[in-house]
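Colleague: Got coords_26.json for you, JSON, C-alpha atoms:
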[["chain", "number", "residue", "atom", "x", "y", "z"],
["A", 20, "MET", "CA", 5.47, 4.57, -23.75],
["A", 21, "VAL", "CA", 5.79, 2.36, -20.70],
["A", 22, "ARG", "CA", 4.22, -0.85, -19.44],
["A", 23, "LYS", "CA", 3.63, -1.45, -15.74],
["A", 24, "HIS", "CA", 2.48, -4.36, -13.64],
["A", 25, "ILE", "CA", 0.61, -2.99, -10.62],
["A", 26, "VAL", "CA", -0.87, -4.85, -7.66],
["A", 27, "PHE", "CA", -3.41, -2.77, -5.75],
["A", 28, "SER", "CA", -4.20, -3.57, -2.10],
["A", 29, "GLY", "CA", -6.91, -2.13, 0.12],
["A", 30, "ARG", "CA", -10.65, -2.05, -0.54],
["A", 31, "VAL", "CA", -10.33, -2.93, -4.21],
["A", 32, "GLN", "CA", -12.69, -5.88, -4.75],
["A", 33, "GLY", "CA", -16.47, -5.64, -4.77],
["A", 34, "VAL", "CA", -16.33, -1.87, -5.28],
["A", 35, "GLY", "CA", -16.34, -1.54, -9.08],
["A", 36, "PHE", "CA", -12.56, -1.33, -9.39],
["A", 37, "ARG", "CA", -12.26, -3.34, -12.64],
["A", 38, "PHE", "CA", -15.21, -1.59, -14.28],
["A", 39, "THR", "CA", -13.82, 1.81, -13.29],
["A", 40, "ALA", "CA", -10.34, 0.87, -14.52],
["A", 41, "CYS", "CA", -11.70, -0.08, -17.93],
["A", 42, "SER", "CA", -13.90, 3.02, -18.11],
["A", 43, "LEU", "CA", -10.93, 5.28, -17.33],
["A", 44, "ALA", "CA", -8.21, 3.46, -19.29],
["A", 45, "ARG", "CA", -9.92, 3.21, -22.68],
["A", 46, "PRO", "CA", -10.49, 6.96, -23.30],
["A", 47, "LEU", "CA", -6.90, 7.61, -22.16],
["A", 48, "GLY", "CA", -5.64, 5.33, -24.95],
["A", 49, "LEU", "CA", -4.18, 2.80, -22.51],
["A", 50, "THR", "CA", -3.95, -0.92, -23.21],
["A", 51, "GLY", "CA", -3.61, -3.88, -20.87],
["A", 52, "TRP", "CA", -5.78, -5.82, -18.48],
["A", 53, "VAL", "CA", -7.13, -5.90, -14.94],
["A", 54, "ARG", "CA", -8.24, -8.85, -12.78],
["A", 55, "ASN", "CA", -9.08, -9.81, -9.21],
["A", 56, "CYS", "CA", -6.58, -11.88, -7.24],
["A", 57, "CYS", "CA", -7.67, -14.64, -4.89],
["A", 58, "ASP", "CA", -6.09, -12.81, -1.91],
["A", 59, "GLY", "CA", -8.34, -9.73, -2.24],
["A", 60, "ASP", "CA", -5.90, -7.60, -4.25],
["A", 61, "VAL", "CA", -6.39, -6.45, -7.84],
["A", 62, "GLU", "CA", -3.67, -6.97, -10.44],
["A", 63, "MET", "CA", -3.20, -4.83, -13.55],
["A", 64, "GLU", "CA", -0.87, -4.56, -16.49],
["A", 65, "VAL", "CA", -1.20, -1.21, -18.18],
["A", 66, "GLN", "CA", 0.62, 0.29, -21.13],
["A", 67, "GLY", "CA", 0.73, 3.80, -22.54],
["A", 68, "GLU", "CA", 2.06, 7.25, -21.81],
["A", 69, "GLU", "CA", 3.28, 7.71, -18.24],
["A", 70, "GLU", "CA", 1.01, 10.71, -17.69],
["A", 71, "ALA", "CA", -2.05, 8.76, -18.87],
["A", 72, "ILE", "CA", -1.23, 5.92, -16.45],
["A", 73, "ASP", "CA", -0.89, 8.47, -13.65],
["A", 74, "ARG", "CA", -4.31, 9.89, -14.58],
["A", 75, "LEU", "CA", -5.80, 6.38, -14.48],
["A", 76, "ILE", "CA", -4.41, 5.77, -10.99],
["A", 77, "ARG", "CA", -5.62, 9.18, -9.73],
["A", 78, "GLY", "CA", -9.07, 8.42, -11.14],
["A", 79, "LEU", "CA", -9.16, 5.03, -9.44],
["A", 80, "ASP", "CA", -8.08, 6.60, -6.15],
["A", 81, "ARG", "CA", -11.00, 9.05, -6.39],
["A", 82, "GLY", "CA", -13.49, 6.21, -6.80],
["A", 83, "ARG", "CA", -16.42, 6.47, -4.42],
["A", 84, "TYR", "CA", -15.89, 3.11, -2.69],
["A", 85, "ILE", "CA", -12.35, 2.27, -3.80],
["A", 86, "VAL", "CA", -9.64, 2.64, -1.16],
["A", 87, "ILE", "CA", -6.10, 2.00, -2.41],
["A", 88, "ARG", "CA", -3.84, 1.42, 0.59],
["A", 89, "LYS", "CA", -0.79, 0.08, -1.26],
["A", 90, "MET", "CA", 0.52, -0.32, -4.80],
["A", 91, "GLU", "CA", 3.37, -2.57, -5.90],
["A", 92, "VAL", "CA", 4.65, -1.39, -9.28],
["A", 93, "LYS", "CA", 7.11, -3.07, -11.67],
["A", 94, "GLU", "CA", 8.20, -1.89, -15.11],
["A", 95, "LEU", "CA", 7.70, -4.42, -17.92],
["A", 96, "PRO", "CA", 8.73, -4.62, -21.58],
["A", 97, "LEU", "CA", 6.19, -3.15, -24.00],
["A", 98, "ASP", "CA", 3.67, -5.43, -25.73],
["A", 99, "ARG", "CA", 3.52, -3.97, -29.25],
["A", 100, "GLU", "CA", 0.66, -6.30, -30.26],
["A", 101, "GLU", "CA", -1.79, -5.25, -27.56],
["A", 102, "ARG", "CA", -4.70, -3.11, -28.79],
["A", 103, "GLU", "CA", -7.19, -2.73, -25.91],
["A", 104, "PHE", "CA", -7.72, -2.56, -22.18],
["A", 105, "ARG", "CA", -9.90, -5.35, -20.81],
["A", 106, "GLU", "CA", -10.95, -7.35, -17.78],
["A", 107, "VAL", "CA", -9.54, -10.86, -17.54],
["A", 108, "TRP", "CA", -10.81, -13.66, -15.32]]
Just dump the structure as structure tokens.
Modeller:
Amino acid sequence: MVRKHIVFSGRVQGVGFRFTACSLARPLGLTGWVRNCCDGDVEMEVQGEEEAIDRLIRGLDRGRYIVIRKMEVKELPLDREEREFREVW
């Protein structure tokens, strides 16, 4: 299990990024959150198996309108209390 903070840059707002992230993350058993940033990026904290997180990112990158140009990734401590993946505002 790992937890990552990821900032996605590119065409990531107004293209269904958050909806797609939630739709992909939940069946993969991932927890965390996703939200838009005021600078046009999208920020995410995601927790679960490394391979499942990789599958989430590959799925996002295959999104019809989503274009990920850059990702900034940091490892974080696990949040043992978290139970779901959700959008935050």
Colleague: Can you list, as a ChimeraX atom specification, every protein, DNA or RNA residue that comes within 12 Å of Glu100 of chain A when you count all atoms listed in the file, leaving out same-chain residues fewer than 5 positions away?
Modeller: /A:50-51,66
Colleague: Report, in Å with one decimal, the straight-line distance from atom CA of Val107 of chain A to atom CA of Lys93 of chain A.
Modeller: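 Value for the atom CA of Val107 of chain A-atom CA of Lys93 of chain A distance: 19.3 Å.
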Colleague: May I ask which of the residues A:Glu94, A:Gly29, A:Ala44, A:Met63 is the closest one to Gly78 of chain A, counting all atoms listed in the file?
Modeller: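 Selected residue with least distance to Gly78 of chain A: A:Ala44.
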Colleague: Quick one: everything within 10 Å of segment 22-27 of chain A, counting only C-alpha atoms, minus sequence neighbours fewer than 3 positions away in the same chain. Send it as an MDAnalysis selection string.
Modeller: chainID A and resid 30:32 36 49:56 59:69 72 86:98
Colleague: From the set A:Val34, A:Leu47, A:Val21, A:Ala40, which residue has the shortest atom-to-atom contact distance to Arg105 of chain A, counting only C-alpha atoms?
Modeller: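 Smallest distance to Arg105 of chain A is found for A:Ala40.
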Colleague: Ranking A:Trp108, A:Ile76, A:Thr39, A:Arg81 by minimum distance to Cys57 of chain A and counting all atoms listed in the file, which one comes first?
Modeller: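 Smallest distance to Cys57 of chain A is found for A:Trp108.
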Colleague: How many Å lie between atom CA of Arg102 of chain A and atom CA of Leu75 of chain A, rounded to one decimal?
Modeller: 17.2 Å
Colleague: In terms of the shortest atom-to-atom distance over all atoms listed in the file, which of A:Pro46, A:Phe38, A:Ser28, A:Arg99 is closest to Arg74 of chain A?
Modeller: A:Pro46
Colleague: For atom CA of Glu106 of chain A and atom CA of Leu43 of chain A, determine how far apart the two atoms are, in Å to one decimal place.
Modeller: 12.6 Å
